[in-house]
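Novice: Sending over entry.txt (compact mmCIF, C-alpha atoms).
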# COMPACT_ATOMS: atom_id res chain seq x y z
CA MET R 948 -67.19 -28.76 84.00
CA PHE R 949 -64.57 -27.94 81.35
CA VAL R 950 -67.02 -26.03 79.15
CA SER R 951 -68.63 -24.04 81.95
CA GLN R 952 -65.28 -23.06 83.46
CA LEU R 953 -63.92 -22.09 80.06
CA ILE R 954 -66.88 -19.85 79.27
CA ARG R 955 -66.54 -18.13 82.66
CA SER R 956 -62.92 -17.40 81.82
CA LEU R 957 -63.72 -15.36 78.71
CA ILE R 958 -62.86 -11.91 79.89
CA GLU R 959 -61.19 -9.21 77.84
CA LEU R 960 -57.52 -8.67 78.58
CA PRO R 961 -54.94 -6.31 77.13
CA PHE R 962 -52.79 -7.74 74.32
CA ILE R 963 -50.04 -9.90 75.78
CA SER R 964 -46.86 -9.84 73.72
CA SER R 965 -44.68 -12.89 73.30
CA SER R 966 -41.34 -13.36 71.58
CA ARG R 967 -42.65 -16.67 70.27
CA LEU R 968 -45.49 -15.08 68.34
CA ILE R 969 -45.33 -14.15 64.68
CA THR R 970 -47.82 -11.36 64.07
CA SER R 971 -47.97 -8.81 61.30
CA THR R 972 -49.09 -5.21 61.11
CA ALA R 973 -51.83 -6.30 58.71
CA HIS R 974 -53.14 -8.72 61.33
CA ARG R 975 -53.22 -5.98 63.94
CA THR R 976 -54.79 -3.24 61.83
CA ASN R 977 -57.40 -5.08 59.75
CA GLN R 978 -59.32 -6.84 62.46
CA VAL R 979 -63.04 -7.56 62.41
CA PRO R 980 -65.44 -8.06 65.34
CA LEU R 981 -64.97 -11.43 67.01
CA GLU R 982 -67.27 -13.11 69.55
CA LEU R 983 -67.54 -16.53 71.10
CA LYS R 984 -70.89 -18.26 70.70
CA SER R 985 -70.22 -21.69 72.18
CA ILE R 986 -67.61 -24.39 72.72
CA ASN R 987 -67.48 -28.13 73.24
CA ASN R 988 -64.74 -30.74 73.58
CA THR R 989 -63.87 -30.63 69.89
CA HIS R 990 -64.89 -27.23 68.52
CA ALA R 991 -65.29 -23.53 69.12
CA THR R 992 -68.16 -21.70 67.45
CA LEU R 993 -67.26 -18.08 66.78
CA LEU R 994 -69.14 -15.11 65.41
CA ILE R 995 -66.84 -13.30 62.98
CA ASP R 996 -68.33 -9.97 61.97
CA GLY R 997 -71.67 -11.55 62.90
CA LYS R 998 -71.20 -14.73 60.81
CA GLU R 999 -71.16 -18.07 62.66
CA THR R 1000 -68.21 -20.38 61.98
CA LYS R 1001 -66.93 -23.53 63.69
CA TYR R 1002 -63.24 -24.31 64.27
CA ASP R 1003 -61.90 -27.68 65.35
CA TRP R 1004 -59.32 -27.57 68.16
CA ILE R 1005 -57.00 -29.81 66.13
CA PHE R 1006 -57.22 -27.46 63.14
CA LEU R 1007 -56.42 -24.47 65.32
CA ARG R 1008 -53.48 -26.14 67.06
CA ASP R 1009 -52.11 -27.41 63.76
CA SER R 1010 -52.36 -23.90 62.28
CA CYS R 1011 -50.51 -22.07 65.03
CA GLN R 1012 -48.10 -19.58 63.47
CA CYS R 1013 -45.80 -18.91 66.42
CA SER R 1014 -42.04 -19.34 66.00
CA GLN R 1015 -42.15 -22.71 67.78
CA CYS R 1016 -44.55 -23.99 65.14
CA VAL R 1017 -43.37 -22.19 61.98
CA ASP R 1018 -39.71 -21.47 61.26
CA THR R 1019 -39.19 -17.72 61.00
CA SER R 1020 -36.75 -18.09 58.10
CA THR R 1021 -38.13 -20.90 55.93
CA ARG R 1022 -41.80 -20.28 56.91
CA GLN R 1023 -42.25 -24.06 57.10
CA LYS R 1024 -44.02 -26.05 59.79
CA LEU R 1025 -41.93 -27.47 62.62
CA HIS R 1026 -44.40 -30.17 63.65
CA ASN R 1027 -46.47 -32.85 61.96
CA THR R 1028 -50.24 -32.84 61.97
CA THR R 1029 -50.03 -36.35 63.42
CA ASP R 1030 -48.18 -34.94 66.45
CA ILE R 1031 -51.40 -33.35 67.71
CA PRO R 1032 -53.28 -35.35 70.38
CA ILE R 1033 -56.83 -36.19 69.32
CA ASN R 1034 -58.19 -34.79 72.60
CA ILE R 1035 -56.31 -31.51 72.52
CA ALA R 1036 -58.32 -28.49 73.69
CA PRO R 1037 -57.79 -25.24 75.56
CA GLN R 1038 -56.88 -25.40 79.23
CA GLN R 1039 -59.48 -24.47 81.75
CA GLU R 1040 -59.53 -20.68 81.68
CA GLY R 1041 -57.30 -20.98 78.62
CA LEU R 1042 -59.36 -19.31 75.90
CA LYS R 1043 -59.80 -15.55 75.64
CA ILE R 1044 -60.85 -12.97 73.09
CA LEU R 1045 -58.50 -10.05 73.57
CA ASN R 1046 -59.25 -6.36 73.21
CA ASP R 1047 -57.77 -6.26 69.69
CA ASN R 1048 -60.10 -9.06 68.52
CA ASN R 1049 -57.41 -11.71 68.59
CA LEU R 1050 -58.27 -15.18 69.84
CA GLU R 1051 -55.81 -16.46 72.43
CA ILE R 1052 -55.61 -20.16 73.35
CA LEU R 1053 -53.49 -21.82 76.05
CA TRP R 1054 -53.42 -25.51 75.18
CA ASN R 1055 -54.08 -28.31 77.66
CA GLN R 1056 -51.24 -30.61 76.55
CA PRO R 1057 -48.05 -30.68 74.48
CA LEU R 1058 -47.63 -32.24 71.07
CA PHE R 1059 -46.42 -35.80 70.71
CA ASN R 1060 -42.64 -36.09 70.23
CA HIS R 1061 -42.08 -32.50 71.34
CA ASP R 1062 -40.41 -31.46 74.57
CA GLU R 1063 -42.54 -28.53 75.66
CA THR R 1064 -41.82 -27.42 79.21
CA THR R 1065 -44.28 -24.52 79.24
CA VAL R 1066 -47.90 -24.16 78.26
CA HIS R 1067 -48.18 -23.48 74.56
CA ARG R 1068 -49.87 -20.23 73.62
CA SER R 1069 -51.44 -19.62 70.21
CA LEU R 1070 -52.83 -16.37 68.89
CA TYR R 1071 -55.21 -16.02 65.94
CA SER R 1072 -56.26 -12.72 64.41
CA SER R 1073 -59.90 -12.24 63.48
CA THR R 1074 -58.72 -11.57 59.91
CA TRP R 1075 -57.01 -14.95 59.79
CA LEU R 1076 -60.04 -16.65 61.30
CA ARG R 1077 -62.32 -15.05 58.72
CA THR R 1078 -60.04 -16.31 55.94
CA TYR R 1079 -60.50 -19.90 57.10
CA SER R 1080 -64.23 -19.54 57.55
CA SER R 1081 -64.98 -20.48 53.92
CA SER R 1082 -63.31 -21.88 50.80
CA LYS R 1083 -64.22 -18.67 48.98
CA ASN R 1084 -62.28 -16.58 51.48
CA ILE R 1085 -59.31 -18.94 51.29
CA ALA R 1086 -59.22 -18.58 47.50
CA ARG R 1087 -59.35 -14.80 47.84
CA ALA R 1088 -56.54 -14.80 50.40
CA ARG R 1089 -54.46 -16.96 48.06
CA TYR R 1090 -55.05 -14.47 45.24
CA PHE R 1091 -56.40 -17.18 43.02
CA ASP R 1092 -60.11 -16.49 42.86
CA ARG R 1093 -60.06 -14.77 39.48
CA PRO R 1094 -62.65 -16.63 37.39
CA SER R 1095 -62.09 -17.96 33.90
CA ILE R 1096 -64.05 -16.36 31.07
CA TYR R 1097 -65.34 -18.99 28.67
CA TRP R 1098 -65.45 -17.90 25.04
CA ASN R 1099 -66.65 -18.63 21.53
CA ARG R 1100 -65.53 -16.91 18.32
CA LYS R 1101 -67.92 -13.99 18.65
CA ASP R 1102 -66.81 -13.32 22.23
CA ILE R 1103 -63.06 -13.61 21.72
CA GLN R 1104 -62.97 -11.44 18.59
CA HIS R 1105 -63.87 -8.45 20.77
CA VAL R 1106 -60.98 -9.03 23.18
CA ASN R 1107 -57.55 -7.50 22.62
CA LEU R 1108 -55.28 -10.47 23.28
CA HIS R 1109 -52.08 -8.79 22.08
CA ILE R 1110 -49.20 -7.55 24.24
CA GLN R 1111 -45.92 -6.04 23.01
CA CYS R 1112 -42.85 -8.15 23.70
CA ASP R 1113 -40.96 -5.28 25.35
CA ASP R 1114 -43.86 -4.64 27.76
CA TYR R 1115 -44.05 -8.32 28.63
CA LEU R 1116 -40.33 -8.73 29.24
CA HIS R 1117 -39.53 -5.45 30.98
CA SER R 1118 -42.72 -4.29 32.71
CA ASP R 1119 -44.35 -5.96 35.68
CA LEU R 1120 -47.68 -4.56 34.53
CA GLY R 1121 -47.11 -6.02 31.06
CA LEU R 1122 -46.40 -9.42 32.57
CA TYR R 1123 -49.46 -9.10 34.81
CA ASN R 1124 -51.66 -8.35 31.78
CA VAL R 1125 -50.37 -11.52 30.10
CA LEU R 1126 -51.05 -13.57 33.23
CA LYS R 1127 -54.59 -12.17 33.44
CA HIS R 1128 -55.28 -13.07 29.80
CA LEU R 1129 -54.01 -16.60 30.37
CA ASN R 1130 -56.18 -16.97 33.45
CA ASP R 1131 -59.28 -15.41 31.89
CA TYR R 1132 -59.17 -16.70 28.30
CA GLY R 1133 -56.33 -19.24 28.31
CA LEU R 1134 -54.77 -17.48 25.33
CA VAL R 1135 -52.54 -14.46 24.58
CA PHE R 1136 -50.32 -13.23 21.74
CA ILE R 1137 -46.94 -11.52 22.18
CA ASP R 1138 -46.01 -9.23 19.25
CA ASN R 1139 -42.59 -8.17 17.93
CA VAL R 1140 -40.70 -11.18 19.30
CA GLN R 1141 -37.32 -11.43 17.57
CA GLY R 1142 -34.51 -13.95 17.77
CA GLU R 1143 -34.29 -17.70 17.27
CA PHE R 1144 -34.23 -18.48 20.99
CA ALA R 1145 -36.45 -15.59 22.14
CA VAL R 1146 -39.19 -18.09 23.01
CA GLU R 1147 -37.02 -19.43 25.82
CA LYS R 1148 -36.69 -15.95 27.29
CA LEU R 1149 -40.46 -15.46 27.03
CA THR R 1150 -41.03 -18.75 28.84
CA GLU R 1151 -38.56 -17.98 31.60
CA ARG R 1152 -40.37 -14.69 32.28
CA ILE R 1153 -43.10 -16.87 33.85
CA GLY R 1154 -41.09 -19.82 35.12
CA GLU R 1155 -38.55 -22.53 34.50
CA ILE R 1156 -38.67 -24.20 31.11
CA ARG R 1157 -40.15 -27.69 31.13
CA HIS R 1158 -37.64 -29.93 29.36
CA THR R 1159 -39.08 -32.90 27.46
CA PHE R 1160 -37.67 -35.47 25.07
CA TYR R 1161 -38.29 -32.86 22.35
CA GLY R 1162 -35.66 -30.67 24.03
CA LYS R 1163 -35.48 -27.44 26.02
CA SER R 1164 -37.12 -25.72 23.07
CA TRP R 1165 -38.09 -27.38 19.82
CA ASN R 1166 -38.63 -26.58 16.14
CA VAL R 1167 -41.93 -27.04 14.33
CA LYS R 1168 -41.00 -27.54 10.69
CA SER R 1169 -42.13 -29.85 7.94
CA THR R 1170 -39.47 -32.54 7.75
CA LYS R 1171 -39.00 -35.93 6.15
CA GLN R 1172 -39.32 -38.95 8.43
CA ALA R 1173 -41.07 -36.78 11.06
CA ILE R 1174 -41.37 -38.16 14.59
CA ASN R 1175 -44.54 -36.13 15.24
CA VAL R 1176 -47.42 -35.12 12.99
CA ALA R 1177 -46.70 -31.49 13.97
CA TYR R 1178 -43.44 -31.81 12.01
CA THR R 1179 -45.28 -32.37 8.73
CA SER R 1180 -47.40 -30.15 6.46
CA GLN R 1181 -50.50 -32.22 7.15
CA ALA R 1182 -53.57 -30.84 8.86
CA LEU R 1183 -53.38 -31.33 12.61
CA GLY R 1184 -56.73 -31.33 14.38
CA LEU R 1185 -57.67 -29.86 17.75
CA HIS R 1186 -55.59 -31.38 20.52
CA MET R 1187 -53.53 -30.83 23.66
CA ASP R 1188 -49.87 -31.69 23.97
CA LEU R 1189 -48.21 -34.54 25.86
CA LEU R 1190 -51.29 -36.13 27.43
CA TYR R 1191 -49.30 -39.35 27.48
CA PHE R 1192 -47.23 -37.79 30.29
CA GLU R 1193 -48.30 -38.24 33.91
CA ALA R 1194 -48.10 -34.43 34.31
CA PRO R 1195 -48.52 -32.68 30.94
CA PRO R 1196 -47.07 -29.16 30.72
CA GLY R 1197 -49.48 -26.36 31.57
CA LEU R 1198 -48.47 -23.55 29.23
CA GLN R 1199 -47.26 -23.83 25.65
CA PHE R 1200 -45.35 -21.09 23.78
CA LEU R 1201 -45.12 -21.09 19.96
CA HIS R 1202 -43.06 -18.38 18.26
CA ALA R 1203 -43.34 -17.86 14.50
CA LEU R 1204 -39.81 -17.25 13.19
CA THR R 1205 -41.04 -17.42 9.60
CA ASN R 1206 -44.47 -18.12 8.14
CA SER R 1207 -44.85 -17.44 4.42
CA VAL R 1208 -46.52 -20.65 3.23
CA GLN R 1209 -49.90 -21.00 1.63
CA GLY R 1210 -52.30 -22.38 4.23
CA GLY R 1211 -51.24 -23.43 7.69
CA ALA R 1212 -53.72 -21.29 9.63
CA SER R 1213 -53.78 -21.90 13.38
CA TYR R 1214 -57.05 -22.27 15.21
CA TYR R 1215 -58.02 -22.57 18.85
CA ALA R 1216 -61.05 -23.66 20.86
CA ASP R 1217 -61.96 -23.19 24.51
CA SER R 1218 -62.63 -26.69 25.83
CA PHE R 1219 -64.08 -25.28 29.06
CA HIS R 1220 -66.72 -23.42 27.06
CA ALA R 1221 -67.51 -26.52 25.02
CA ILE R 1222 -67.82 -28.85 28.01
CA GLU R 1223 -70.11 -26.42 29.83
CA ILE R 1224 -72.42 -26.45 26.81
CA LEU R 1225 -72.45 -30.25 26.99
CA ARG R 1226 -73.02 -30.21 30.76
CA ARG R 1227 -76.12 -28.04 30.29
CA LYS R 1228 -77.51 -30.02 27.36
CA ASP R 1229 -76.75 -33.60 28.39
CA SER R 1230 -75.71 -34.26 31.99
CA LYS R 1231 -75.44 -38.01 31.38
CA ALA R 1232 -72.97 -37.47 28.54
CA PHE R 1233 -71.03 -35.05 30.72
CA GLN R 1234 -70.74 -37.64 33.49
CA SER R 1235 -69.54 -40.22 30.99
CA LEU R 1236 -66.71 -37.92 29.92
CA CYS R 1237 -65.82 -37.40 33.59
CA SER R 1238 -65.44 -41.11 34.27
CA TYR R 1239 -64.59 -43.13 31.17
CA PRO R 1240 -60.85 -43.91 30.73
CA VAL R 1241 -59.08 -42.80 27.57
CA THR R 1242 -55.51 -43.95 26.93
CA PHE R 1243 -52.86 -41.76 25.30
CA HIS R 1244 -49.47 -42.93 24.12
CA TYR R 1245 -46.36 -42.05 22.16
CA ARG R 1246 -44.42 -45.04 20.87
CA ASN R 1247 -41.86 -43.90 18.36
CA ALA R 1248 -38.20 -42.93 17.94
CA GLY R 1249 -37.12 -45.16 20.81
CA ARG R 1250 -39.72 -43.76 23.22
CA HIS R 1251 -42.71 -45.39 24.88
CA TYR R 1252 -44.95 -43.04 26.87
CA HIS R 1253 -48.38 -44.10 28.07
CA PHE R 1254 -51.06 -42.70 30.37
CA THR R 1255 -54.81 -43.23 30.90
CA ARG R 1256 -57.12 -40.44 32.07
CA PRO R 1257 -60.76 -39.28 31.72
CA THR R 1258 -61.67 -36.54 29.26
CA VAL R 1259 -63.00 -34.17 31.94
CA VAL R 1260 -61.43 -33.66 35.35
CA LEU R 1261 -63.30 -31.65 37.99
CA ASN R 1262 -61.92 -30.04 41.12
CA PRO R 1263 -63.24 -32.36 43.86
CA PHE R 1264 -62.26 -29.99 46.68
CA SER R 1265 -64.47 -27.08 45.62
CA THR R 1266 -68.14 -27.06 46.59
CA ASP R 1267 -69.40 -26.40 43.05
CA HIS R 1268 -66.92 -28.87 41.42
CA PRO R 1269 -65.62 -26.57 38.66
CA ILE R 1270 -63.66 -27.89 35.70
CA ASP R 1271 -60.01 -28.35 36.58
CA HIS R 1272 -58.74 -29.47 33.18
CA ILE R 1273 -59.65 -31.31 29.99
CA ASN R 1274 -57.82 -34.20 28.31
CA TYR R 1275 -58.44 -34.25 24.56
CA SER R 1276 -55.83 -35.26 21.99
CA PRO R 1277 -57.19 -37.57 19.26
CA PRO R 1278 -53.88 -37.85 17.33
CA PHE R 1279 -52.21 -39.35 20.37
CA GLN R 1280 -54.94 -41.71 21.53
CA ALA R 1281 -54.01 -45.36 21.93
CA PRO R 1282 -56.51 -48.20 21.46
CA PHE R 1283 -58.94 -48.26 24.36
CA GLU R 1284 -57.73 -50.46 27.20
CA SER R 1285 -61.09 -50.65 28.97
CA ASP R 1286 -63.68 -53.40 28.56
CA THR R 1287 -65.34 -52.21 25.34
CA THR R 1288 -67.97 -54.96 25.50
CA LYS R 1289 -69.82 -53.07 28.23
CA ASP R 1290 -72.60 -50.58 27.53
CA GLU R 1291 -70.56 -47.76 29.05
CA PHE R 1292 -68.19 -47.81 26.07
CA ARG R 1293 -70.82 -46.92 23.48
CA GLN R 1294 -72.35 -44.40 25.87
CA PHE R 1295 -68.95 -42.76 26.11
CA ILE R 1296 -68.48 -42.75 22.32
CA GLN R 1297 -71.80 -40.95 21.88
CA ALA R 1298 -70.81 -38.39 24.53
CA PHE R 1299 -67.36 -38.02 22.94
CA GLN R 1300 -68.94 -37.34 19.55
CA HIS R 1301 -71.24 -34.75 21.08
CA PHE R 1302 -68.25 -33.00 22.63
CA ARG R 1303 -66.33 -33.20 19.33
CA ASN R 1304 -69.24 -31.61 17.45
CA ILE R 1305 -69.27 -28.64 19.82
CA LEU R 1306 -65.51 -28.19 19.52
CA GLU R 1307 -65.53 -28.42 15.73
CA ASP R 1308 -68.29 -25.84 15.31
CA PRO R 1309 -66.52 -22.89 13.63
CA ASN R 1310 -68.53 -20.56 15.87
CA ASN R 1311 -66.53 -21.96 18.80
CA GLN R 1312 -63.11 -21.46 17.20
CA LEU R 1313 -60.67 -18.61 16.74
CA GLU R 1314 -58.74 -19.00 13.47
CA LEU R 1315 -55.77 -16.89 12.33
CA ILE R 1316 -52.39 -16.96 10.65
CA LEU R 1317 -49.64 -16.69 13.24
CA LYS R 1318 -47.53 -13.91 11.78
CA LYS R 1319 -43.76 -13.71 11.72
CA ASP R 1320 -42.41 -12.45 15.08
CA GLN R 1321 -45.62 -13.35 16.92
CA CYS R 1322 -45.66 -15.79 19.82
CA VAL R 1323 -48.84 -17.41 21.04
CA ILE R 1324 -49.05 -18.61 24.65
CA PHE R 1325 -51.93 -20.87 25.63
CA HIS R 1326 -53.17 -22.96 28.53
CA ASN R 1327 -52.45 -26.53 27.44
CA ARG R 1328 -54.97 -28.05 29.91
CA ARG R 1329 -57.81 -25.85 28.62
CA ILE R 1330 -57.20 -24.48 25.11
CA LEU R 1331 -57.17 -26.85 22.16
CA HIS R 1332 -54.93 -25.87 19.28
CA ALA R 1333 -54.82 -27.04 15.67
CA ARG R 1334 -53.33 -26.26 12.26
CA ARG R 1335 -54.67 -26.37 8.72
CA GLU R 1336 -52.73 -28.20 6.03
CA PHE R 1337 -50.17 -26.07 4.20
CA ASP R 1338 -48.09 -26.23 1.01
CA ALA R 1339 -44.51 -26.70 2.21
CA SER R 1340 -43.16 -25.80 -1.25
CA SER R 1341 -44.87 -22.40 -1.26
CA GLY R 1342 -42.63 -20.76 1.32
CA SER R 1343 -41.13 -21.22 4.76
CA ARG R 1344 -42.90 -22.09 8.01
CA TRP R 1345 -40.76 -22.32 11.14
CA LEU R 1346 -42.18 -22.17 14.64
CA LYS R 1347 -40.20 -22.65 17.82
CA GLY R 1348 -41.86 -23.90 20.99
CA CYS R 1349 -41.36 -24.16 24.72
CA TYR R 1350 -43.30 -25.40 27.74
CA THR R 1351 -43.60 -24.42 31.36
CA ASP R 1352 -45.75 -25.84 34.14
CA LEU R 1353 -48.99 -24.45 35.52
CA ASP R 1354 -47.44 -24.16 38.99
CA ASN R 1355 -45.12 -21.45 37.64
CA PHE R 1356 -48.02 -19.58 36.05
CA LYS R 1357 -50.15 -19.77 39.19
CA ASP R 1358 -47.24 -18.61 41.34
CA ARG R 1359 -46.66 -15.52 39.17
CA LEU R 1360 -50.38 -14.74 38.98
CA ARG R 1361 -50.75 -14.86 42.78
CA VAL R 1362 -47.68 -12.67 43.31
CA PHE R 1363 -48.77 -10.01 40.82
CA GLN R 1364 -52.41 -10.11 41.92
CA GLU R 1365 -51.15 -9.26 45.39
CA LYS R 1366 -48.88 -6.53 44.03
CA PHE R 1367 -51.44 -4.78 41.83
CA ASN R 1368 -54.70 -5.66 43.59
CA PRO R 1369 -53.92 -6.22 47.28
CA ILE R 1370 -56.66 -7.20 49.68
CA SER R 1371 -56.67 -6.79 53.46
CA ASP R 1372 -59.88 -8.29 54.81
CA VAL R 1373 -58.56 -11.86 54.55
CA LYS R 1374 -55.01 -13.19 54.99
CA VAL R 1375 -53.32 -16.61 54.99
Show me, as structure tokens, the structure contained in the file I just sent.
Specialist:
Amino acid sequence: MFVSQLIRSLIELPFISSSRLITSTAHRTNQVPLELKSINNTHATLLIDGKETKYDWIFLRDSCQCSQCVDTSTRQKLHNTTDIPINIAPQQEGLKILNDNNLEILWNQPLFNHDETTVHRSLYSSTWLRTYSSSKNIARARYFDRPSIYWNRKDIQHVNLHIQCDDYLHSDLGLYNVLKHLNDYGLVFIDNVQGEFAVEKLTERIGEIRHTFYGKSWNVKSTKQAINVAYTSQALGLHMDLLYFEAPPGLQFLHALTNSVQGGASYYADSFHAIEILRRKDSKAFQSLCSYPVTFHYRNAGRHYHFTRPTVVLNPFSTDHPIDHINYSPPFQAPFESDTTKDEFRQFIQAFQHFRNILEDPNNQLELILKKDQCVIFHNRRILHARREFDASSGSRWLKGCYTDLDNFKDRLRVFQEKFNPISDVKV
């Protein structure tokens, strides 16, 4: 009875305004054709621009954007998802597609723990509904669907990764170009950076500085009684920083204040490129790197950090399970804390060696001398960095570093994607 009566009620009505509704001009002017195909007690099946999509009543009620559901100032939800009754649905004659291709729903019951004296009305634009019709559209609406570009030495040598410091600091377009390089390649160089603490200003252009036990910013010099291998003149192999933290920093900044020594070349490798090669060649080895636990630690200078994680972490919420980040830092590995008597341990070691061989292939590395007044910024969860041995007596080598988190980078990228490349066919 409910379904048949609801279908009979689907007649087109003029747009009904409501002071409780939060609607935008974009929602009103970028609509797409919207039709109802069918409904049942839990879902509506809609045709959006001819494409069939199902929407759960609970999802729709939870996503209502009216001013009773989302605070107009903070833009934060005013109810809990758990406040929604499991059997919520439109009232009889309570679902309509309006003339402007908005979906209107009058709900059959109030939320738990909410004193609603009138029938709650929700309105959904066809643009909003199309956004939530697929994960691809959601990523586009969030301005975070720009793909990474995996690289080897031949590829990256043809890319101009250099941005002038003044452009980066004082031009939104300059900052946007840096953000795009970091998203695409995980690596960018800022030229003509001057001043001992300039690296802090560069970092704060993207987000708040991530303080660690090394300090707000930190010096990379060869010193006696060093507390980190980076503070020596020894070779330092490919690695990522601070994997012994629960949440390692996402971006690393290294500014060369002086660099006149013999040796000490920096080199970088794209771990995403390397792991994709391994995935294609040996899926069993790839799976081993996704699952086997590796422990990292720092136990020195009155500190004891420790964390265990797999080498490869995939995004489990995306349909194609892309790489989310890599964990690779041999200098900071602890002894394995897994049961190494099991066959899986030696299977992992073989896979780990295969991965190492791909990373250490010079054809997969970019090597250079970081010049005075240059700052490199790289994605610490993707790009591996390393340094050749140098002769500390041959000159001066002083780098200054800073960290910030990936959340800050992603925030700035989304904001500037929307500013310079706005889209209108989807909207969160």
Novice: Which of these, R:Lys1228, R:Lys1163, R:Lys1001, R:Arg1008, has the shortest distance to Thr1150 (chain R) once you count all atoms listed in the file?
Specialist: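 Among R:Lys1228, R:Lys1163, R:Lys1001, R:Arg1008, it is R:Lys1163 that comes nearest to Thr1150 (chain R).
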Novice: Counting only C-alpha atoms, figure out which residue out of R:Val1140, R:Cys1016, R:Ile1222, R:Ala1232 gets nearest to Gln1294 (chain R).
Specialist: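 Closest residue, counting only C-alpha atoms: R:Ala1232.
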Novice: Between CA of Val1373 (chain R) and CA of Ser1082 (chain R), what is the distance in Å, rounded to a tenth?
Specialist: 11.7 Å
Novice: With distances taken over all atoms listed in the file, which of R:Arg1022, R:Leu1076, R:Tyr1090, R:Leu1007 is nearest to Asn1368 (chain R)?
Specialist: R:Tyr1090
Novice: Would you pick out the contacts of Thr1000 (chain R) at 12 Å or less, using all atoms listed in the file, so that residues sharing its chain but fewer than 6 positions from it are not included, and give the list as a list in words?
Specialist: Leu981, Glu982, Leu983, Lys984, Ser985, Ile986, His990, Ala991, Thr992, Leu993, Leu994, Ser1073, Leu1076, Arg1077, Thr1078, Tyr1079, Ser1080 and Ser1081 of chain R
Novice: Got time to write the residues from that selection, C-alpha atoms, as a tab-separated table (two decimals), keeping the file's coordinate frame?
Specialist:
chain	number	residue	atom	x	y	z
R	981	LEU	CA	-64.97	-11.43	67.01
R	982	GLU	CA	-67.27	-13.11	69.55
R	983	LEU	CA	-67.54	-16.53	71.10
R	984	LYS	CA	-70.89	-18.26	70.70
R	985	SER	CA	-70.22	-21.69	72.18
R	986	ILE	CA	-67.61	-24.39	72.72
R	990	HIS	CA	-64.89	-27.23	68.52
R	991	ALA	CA	-65.29	-23.53	69.12
R	992	THR	CA	-68.16	-21.70	67.45
R	993	LEU	CA	-67.26	-18.08	66.78
R	994	LEU	CA	-69.14	-15.11	65.41
R	1073	SER	CA	-59.90	-12.24	63.48
R	1076	LEU	CA	-60.04	-16.65	61.30
R	1077	ARG	CA	-62.32	-15.05	58.72
R	1078	THR	CA	-60.04	-16.31	55.94
R	1079	TYR	CA	-60.50	-19.90	57.10
R	1080	SER	CA	-64.23	-19.54	57.55
R	1081	SER	CA	-64.98	-20.48	53.92
Novice: Go through R:Asp1009, R:Asp1047, R:Glu1155, R:Asp1114 and flag the residue nearest His1026 (chain R), using all atoms listed in the file for the distances.
Specialist: R:Asp1009
Novice: Under the rule that all atoms listed in the file are counted, which of R:Thr1205, R:Thr1266, R:Thr1255, R:Gln1181 is the nearest residue to Ser1343 (chain R)?
Specialist: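 Once distances to Ser1343 (chain R) are computed over all atoms listed in the file, the minimum belongs to R:Thr1205.
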Novice: When distances are computed from all atoms listed in the file, which of R:Ser1169, R:Thr1074, R:Asn1046, R:Thr1351 shows the smallest separation from Asn1206 (chain R)?
Specialist: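 Checking each of R:Ser1169, R:Thr1074, R:Asn1046, R:Thr1351 against Asn1206 (chain R), counting all atoms listed in the file, the winner is R:Ser1169.
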Novice: For a test of reading the model, state the distance in Å between CA of Leu1108 (chain R) and CA of Leu1149 (chain R), rounded to one decimal.
Specialist: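 CA of Leu1149 (chain R) lies at a distance of 16.1 Å from CA of Leu1108 (chain R).
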Novice: One decimal, Å: what's the distance from CA of Leu1053 (chain R) over to CA of Asn1084 (chain R), could you say?
Specialist: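 So the two atoms, CA of Leu1053 (chain R) and CA of Asn1084 (chain R), lie 26.6 Å apart.
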Novice: Do you know which residues are at most 6 Å from Gly1041 (chain R) counting only C-alpha atoms, after dropping those on the same chain fewer than 3 positions away, and could you put them as number ranges by chain?
Specialist: R: 1037-1038, 1052-1053
Novice: Give me the residues within 8 Å of Ala1298 (chain R) as a PyMOL selection string, counting only C-alpha atoms and dropping any in the same chain fewer than 5 places off.
Specialist: chain R and resi 1232-1233+1235-1236
Novice: Would you list the contacts of Ser1164 (chain R) as a list of chain:residue names, taking every protein, DNA or RNA residue within 12 Å and counting only C-alpha atoms, but skipping same-chain residues closer than 3 positions in sequence?
Specialist: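 In the requested form, the answer reads R:Glu1143, R:Phe1144, R:Ala1145, R:Val1146, R:Glu1147, R:Lys1148, R:Leu1149, R:Thr1150, R:Glu1151, R:Glu1155, R:Ile1156, R:Arg1157, R:His1158, R:Thr1159, R:Phe1160, R:Tyr1161, R:Val1167, R:Gln1199, R:Phe1200, R:Leu1201, R:His1202, R:Leu1346, R:Lys1347, R:Gly1348, R:Cys1349, R:Tyr1350, R:Thr1351.
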Novice: List the spatial neighbours of Phe1279 (chain R) as a tab-separated table (two decimals) with C-alpha atoms, keeping the file's coordinate frame - criterion: any atom at most 10 Å away, only C-alpha atoms, same-chain residues fewer than 3 positions off excluded.
Specialist:
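This is the output file out07.tsv:
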chain	number	residue	atom	x	y	z
R	1175	ASN	CA	-44.54	-36.13	15.24
R	1176	VAL	CA	-47.42	-35.12	12.99
R	1186	HIS	CA	-55.59	-31.38	20.52
R	1187	MET	CA	-53.53	-30.83	23.66
R	1188	ASP	CA	-49.87	-31.69	23.97
R	1189	LEU	CA	-48.21	-34.54	25.86
R	1190	LEU	CA	-51.29	-36.13	27.43
R	1191	TYR	CA	-49.30	-39.35	27.48
R	1242	THR	CA	-55.51	-43.95	26.93
R	1243	PHE	CA	-52.86	-41.76	25.30
R	1244	HIS	CA	-49.47	-42.93	24.12
R	1245	TYR	CA	-46.36	-42.05	22.16
R	1246	ARG	CA	-44.42	-45.04	20.87
R	1253	HIS	CA	-48.38	-44.10	28.07
R	1275	TYR	CA	-58.44	-34.25	24.56
R	1276	SER	CA	-55.83	-35.26	21.99
R	1282	PRO	CA	-56.51	-48.20	21.46
